[in-house]
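Read the structure below first, then the notes.
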Amino acid sequence: MTRLRAALTLFFALDGFVFAGWVVRIPAIKEQTGASASTLGLALLGVSAGAVITMTLTGRLCSRFGSRQVTVVCGVLLPLSVALPPLTHSALALGLVLLLFGAAYGGINVAMNSAAVDLVRALRRPVMPSFHAAFSLGGMLGAGLGGLVAGQLSPTRHLLALTVIGLLLTAVTAPTLLRYEVPPVPGAHDAADTGASGGSGDTGAAGRHDVPARAARRTRGLVLIFGLVALCTAYGEGALADWGALHLEQDLDAHPGIAAAGYSCFAFAMTIGRLSGTTLLERLGRTRTVVGGGLLATAGMLLGALAPSVGVALVGFAVTGLGLANIFPVAVERAGALAGPGGVATASTLGYGGMLLGPPAIGFMADWFSLPVALTSVALLAAVAAGIGAATGRTPMPGERAAESKARRPARTPVR
């Protein structure tokens with residue numbers, strides 16, 4: 001179990017490392033392809049389109065072949081595909097290869113989160129945030145390394161180096177991930193199985209046929225609710241990544257270097273929050289962690305958006321990162337516990353949709369009102385996530401009542 005956890009953690013770190021390495025070379029590849037800002041934006045949609053299209057398919061592949069096996073395959077495809085963008089010389093070609101890169105990126109996200117859900121269930125400890133902390137750490141490392149080598153290496157050599165590093169890491173960790181099985185937990189798949197099957201089996205009574213159907217509808221509804229929570233969290237992350245620096249520079253007259261540190265404060269605080277996420281979940285539980293995190297992010301984003309000075313805004317960004325840190329991992333873990341890989345795929349797709357929705361939505365609202373007012377929408381959605389967390393925390397999950405009744409039911413005395 002320890003080896004499985006370590007191997008899976010490395011795959012999360014690999015995902016963040018490769019993606020951040022690609023992001024820091026976008027300006028150089030824009031210059032290489034000669035794309036305008038608008039055509040580059042259309043080409044970059046290839047990453048999003050490839051990811052969203054693949055996520056649902058990956059959930060089905062995980063159910064059929066196994067989450068760990070699909071993780072390893074995507075762990076090969078992701079490093080291979082990141083080497084393709086520097087080989088293009090037009091926006092159209094760039095968009096096409098980014099479809100492949102986005103497909104690999106979306107695939108590994110669903111697969112490794114599904115594998116993590118199985119491992120969390122077997123460990124019986126809320127360690128999901130630690131995997132996402134590895135993703136954040138990998139992203140910080142990839143961005144830092146990319147910044148260091150950007151002046152010395154061309155995008156082709158840099159991203160090819162990422163390919164080599166990624167393939168080596170996959171080769172080292174894949175045997176561990178494939179060799180060891182996650183021990184089954186009795187009753188762990190009851191809810192997922194009930195939600196997945198619309199039939200009722202051999203009940204013999206017409207009234208009983210409605211029970212699995214109702215349970216399936218309730219499970220799907222809860223998965224969508226947890227996906228909405230993930231969307232609210234990812235919306236804030238995407239908004240701050242694209243608009244945080246501009247807000248600091250345009251509205252608060254910050255120096256460009258200090259403005260660039262805005263997202264770094266947010267990302268660093270989110271990493272710290274995820275590293276401490278397991279302890280928080282063990283002490284506070286899922287509901288209090290989600291509700292408290294959502295309220296903390298609400299306060300932090302209101303402070304960051306409406307701050308009168310740069311220093312106060314940076315503090316607000318950091319508080320927002322701490323608040324949002326563990327909401328997405330908890331939402332994905334709950335969706336996976338309810339509906340298996342399909343639940344992870346649904347929640348991840350909605351979450352990724354929130355990351356895509358954030359930047360353009362902020363842009364439109366900034367035109368209608370102002371950028372500070374637009375950024376308060378991040379606080380609003382964080383409050384929505386907190387409210388959903390409070391509501392679902394009082395609602396027993398499918399299978400929980402049955403498990404409780406089994407635990408409380410006295411053992412039958414055999415008739416002699």
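In the structure tokens, chains take the letters A, B, ... in the order shown, each chain's residues start at 1, and ligands count up from 1 in the order shown.
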Using only C-alpha atoms, determine which residues lie at most 8 Å from region 168-173 of chain A, disregarding the query and same-chain residues fewer than 5 positions distant; provide the list as a CSV table (one decimal) with N, CA, C and O atoms, in the first residue's frame.
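Final file, around_22.csv:
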```csv
chain,number,residue,atom,x,y,z
A,7,ALA,N,4.0,5.5,-5.7
A,7,ALA,CA,4.1,5.5,-7.2
A,7,ALA,C,3.0,6.4,-7.8
A,7,ALA,O,3.2,7.1,-8.7
A,10,LEU,N,3.9,10.0,-7.5
A,10,LEU,CA,4.8,10.4,-8.6
A,10,LEU,C,4.1,10.7,-9.9
A,10,LEU,O,4.5,11.6,-10.6
A,11,PHE,N,3.0,10.0,-10.2
A,11,PHE,CA,2.3,10.2,-11.4
A,11,PHE,C,1.5,11.6,-11.3
A,11,PHE,O,1.5,12.3,-12.3
A,14,LEU,N,4.2,14.1,-11.9
A,14,LEU,CA,4.6,14.1,-13.3
A,14,LEU,C,3.5,14.9,-14.2
A,14,LEU,O,3.9,15.7,-15.0
A,72,VAL,N,-1.0,4.2,-16.4
A,72,VAL,CA,0.4,4.0,-17.0
A,72,VAL,C,0.4,4.3,-18.5
A,72,VAL,O,1.3,4.9,-19.0
A,75,GLY,N,0.5,7.9,-18.8
A,75,GLY,CA,1.8,8.3,-18.4
A,75,GLY,C,2.9,8.2,-19.4
A,75,GLY,O,3.9,8.9,-19.3
A,76,VAL,N,2.6,7.4,-20.4
A,76,VAL,CA,3.5,7.4,-21.6
A,76,VAL,C,3.0,8.4,-22.7
A,76,VAL,O,3.9,9.1,-23.3
```
What's around region 288-304 of chain A at 6 Å? Count only C-alpha atoms, leave out sequence neighbours fewer than 2 positions away in its own chain, and write the answer as a list in words.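 Close residues of region 288-304 of chain A: Leu284, Gly285, Arg286, Leu306, Ala307, Ala313, Gly316, Phe317, Val319, Thr320, Gly323, Leu324, Ile327, Thr376, Ala379, Ala382, Ala383, Ala385, Ala386 and Gly389 of chain A.
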Quick one: everything within 9 Å of Ser154 (chain A), counting only C-alpha atoms, minus sequence neighbours fewer than 5 positions away in the same chain. Send it as a list in words.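 My list of contacting residues is Ala28, Pro86, Val149 and Leu159 of chain A.
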Written file, previous selection with all heavy atoms, as a compact mmCIF listing (two decimals), in the first residue's frame:
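result_9.txt written:
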```txt
# COMPACT_ATOMS: atom_id res chain seq x y z
N ALA A 28 7.08 31.49 -26.52
CA ALA A 28 8.06 31.17 -27.55
C ALA A 28 7.42 30.43 -28.72
O ALA A 28 7.75 30.68 -29.89
CB ALA A 28 9.19 30.32 -26.95
N PRO A 86 6.33 22.20 -30.28
CA PRO A 86 7.44 22.96 -30.89
C PRO A 86 7.74 22.56 -32.33
O PRO A 86 8.48 23.27 -33.03
CB PRO A 86 8.64 22.63 -29.99
CG PRO A 86 8.06 22.09 -28.74
CD PRO A 86 6.80 21.42 -29.13
N VAL A 149 15.53 27.59 -17.78
CA VAL A 149 16.14 27.14 -19.03
C VAL A 149 15.59 27.87 -20.25
O VAL A 149 16.06 27.64 -21.36
CB VAL A 149 15.95 25.62 -19.22
CG1 VAL A 149 16.49 24.85 -18.03
CG2 VAL A 149 14.48 25.27 -19.46
N LEU A 159 11.13 20.86 -24.26
CA LEU A 159 10.00 19.95 -24.15
C LEU A 159 10.40 18.52 -24.48
O LEU A 159 9.81 17.55 -23.96
CB LEU A 159 8.86 20.41 -25.05
CG LEU A 159 8.27 21.78 -24.68
CD1 LEU A 159 7.07 22.11 -25.54
CD2 LEU A 159 7.87 21.83 -23.21
```
Using only C-alpha atoms, determine which residues lie at most 10 Å from region 274-279 of chain A, disregarding the query and same-chain residues fewer than 3 positions distant; provide the list as a VMD selection string. chain A and resid 125 to 137 268 to 271 282 to 285 289 321 to 327 329 to 330
Given only C-alpha atoms as the basis, pick out the residue of A:Gly34, A:Gly166, A:Gly353, A:Gly107 nearest to Cys62 (chain A).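 Ranked by minimum distance to Cys62 (chain A), first place goes to A:Gly107.
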Determine, using only C-alpha atoms, which residues of region 45-162 of chain A have any atom at most 12 Å from an atom of region 355-373 of chain A, and tabulate each with its shortest atom pair and distance in Å to one decimal place, rows ordered by chain and then rising number, as a Markdown table.
```
| residue | atom | partner | partner_atom | distance |
| --- | --- | --- | --- | --- |
| A:Leu45 | CA | A:Leu356 | CA | 9.2 |
| A:Gly46 | CA | A:Leu356 | CA | 11.9 |
| A:Val47 | CA | A:Leu356 | CA | 10.5 |
| A:Ser48 | CA | A:Leu356 | CA | 7.4 |
| A:Ala49 | CA | A:Leu356 | CA | 10.1 |
| A:Ala51 | CA | A:Leu356 | CA | 11.1 |
| A:Val52 | CA | A:Leu356 | CA | 10.2 |
```
For Val344 (chain A), please output as an mmCIF file with C-alpha atoms, in the first residue's frame all residues within 7 Å (counting only C-alpha atoms; exclusion window: fewer than 2 positions along the same chain).
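The result, written out as out.cif:
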```cif
data_model
loop_
_atom_site.group_PDB
_atom_site.id
_atom_site.type_symbol
_atom_site.label_atom_id
_atom_site.label_comp_id
_atom_site.auth_asym_id
_atom_site.auth_seq_id
_atom_site.Cartn_x
_atom_site.Cartn_y
_atom_site.Cartn_z
ATOM 1 C CA VAL A 110 -9.300 10.877 -14.672
ATOM 2 C CA ASN A 113 -7.814 10.210 -9.665
ATOM 3 C CA SER A 114 -9.817 6.993 -10.061
ATOM 4 C CA VAL A 332 -13.592 14.170 -6.796
ATOM 5 C CA ALA A 335 -17.853 11.327 -6.665
ATOM 6 C CA GLY A 336 -15.497 8.390 -7.215
ATOM 7 C CA GLY A 340 -16.370 4.657 -9.471
ATOM 8 C CA PRO A 341 -14.344 5.880 -12.471
ATOM 9 C CA GLY A 342 -17.476 7.249 -14.123
ATOM 10 C CA THR A 346 -18.054 13.414 -14.438
ATOM 11 C CA ALA A 347 -16.697 15.484 -11.549
ATOM 12 C CA SER A 348 -13.371 16.080 -13.320
#
```
When you draw a straight line from CA of Val223 (chain A) to CA of Gly343 (chain A), how long is it in Å? 6.0 Å
If I take CA of Thr233 (chain A) and CA of Val378 (chain A), how far is one from the other in Å, to one decimal? 8.4 Å
Of the candidates A:Leu178, A:Val229, A:Ala337, A:Leu153, which one gets nearest to Ala390 (chain A) if we count only C-alpha atoms?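 The closest residue to Ala390 (chain A) is A:Val229.
Put simply, CA of Val97 (chain A) is 14.5 Å away from CA of Thr54 (chain A).
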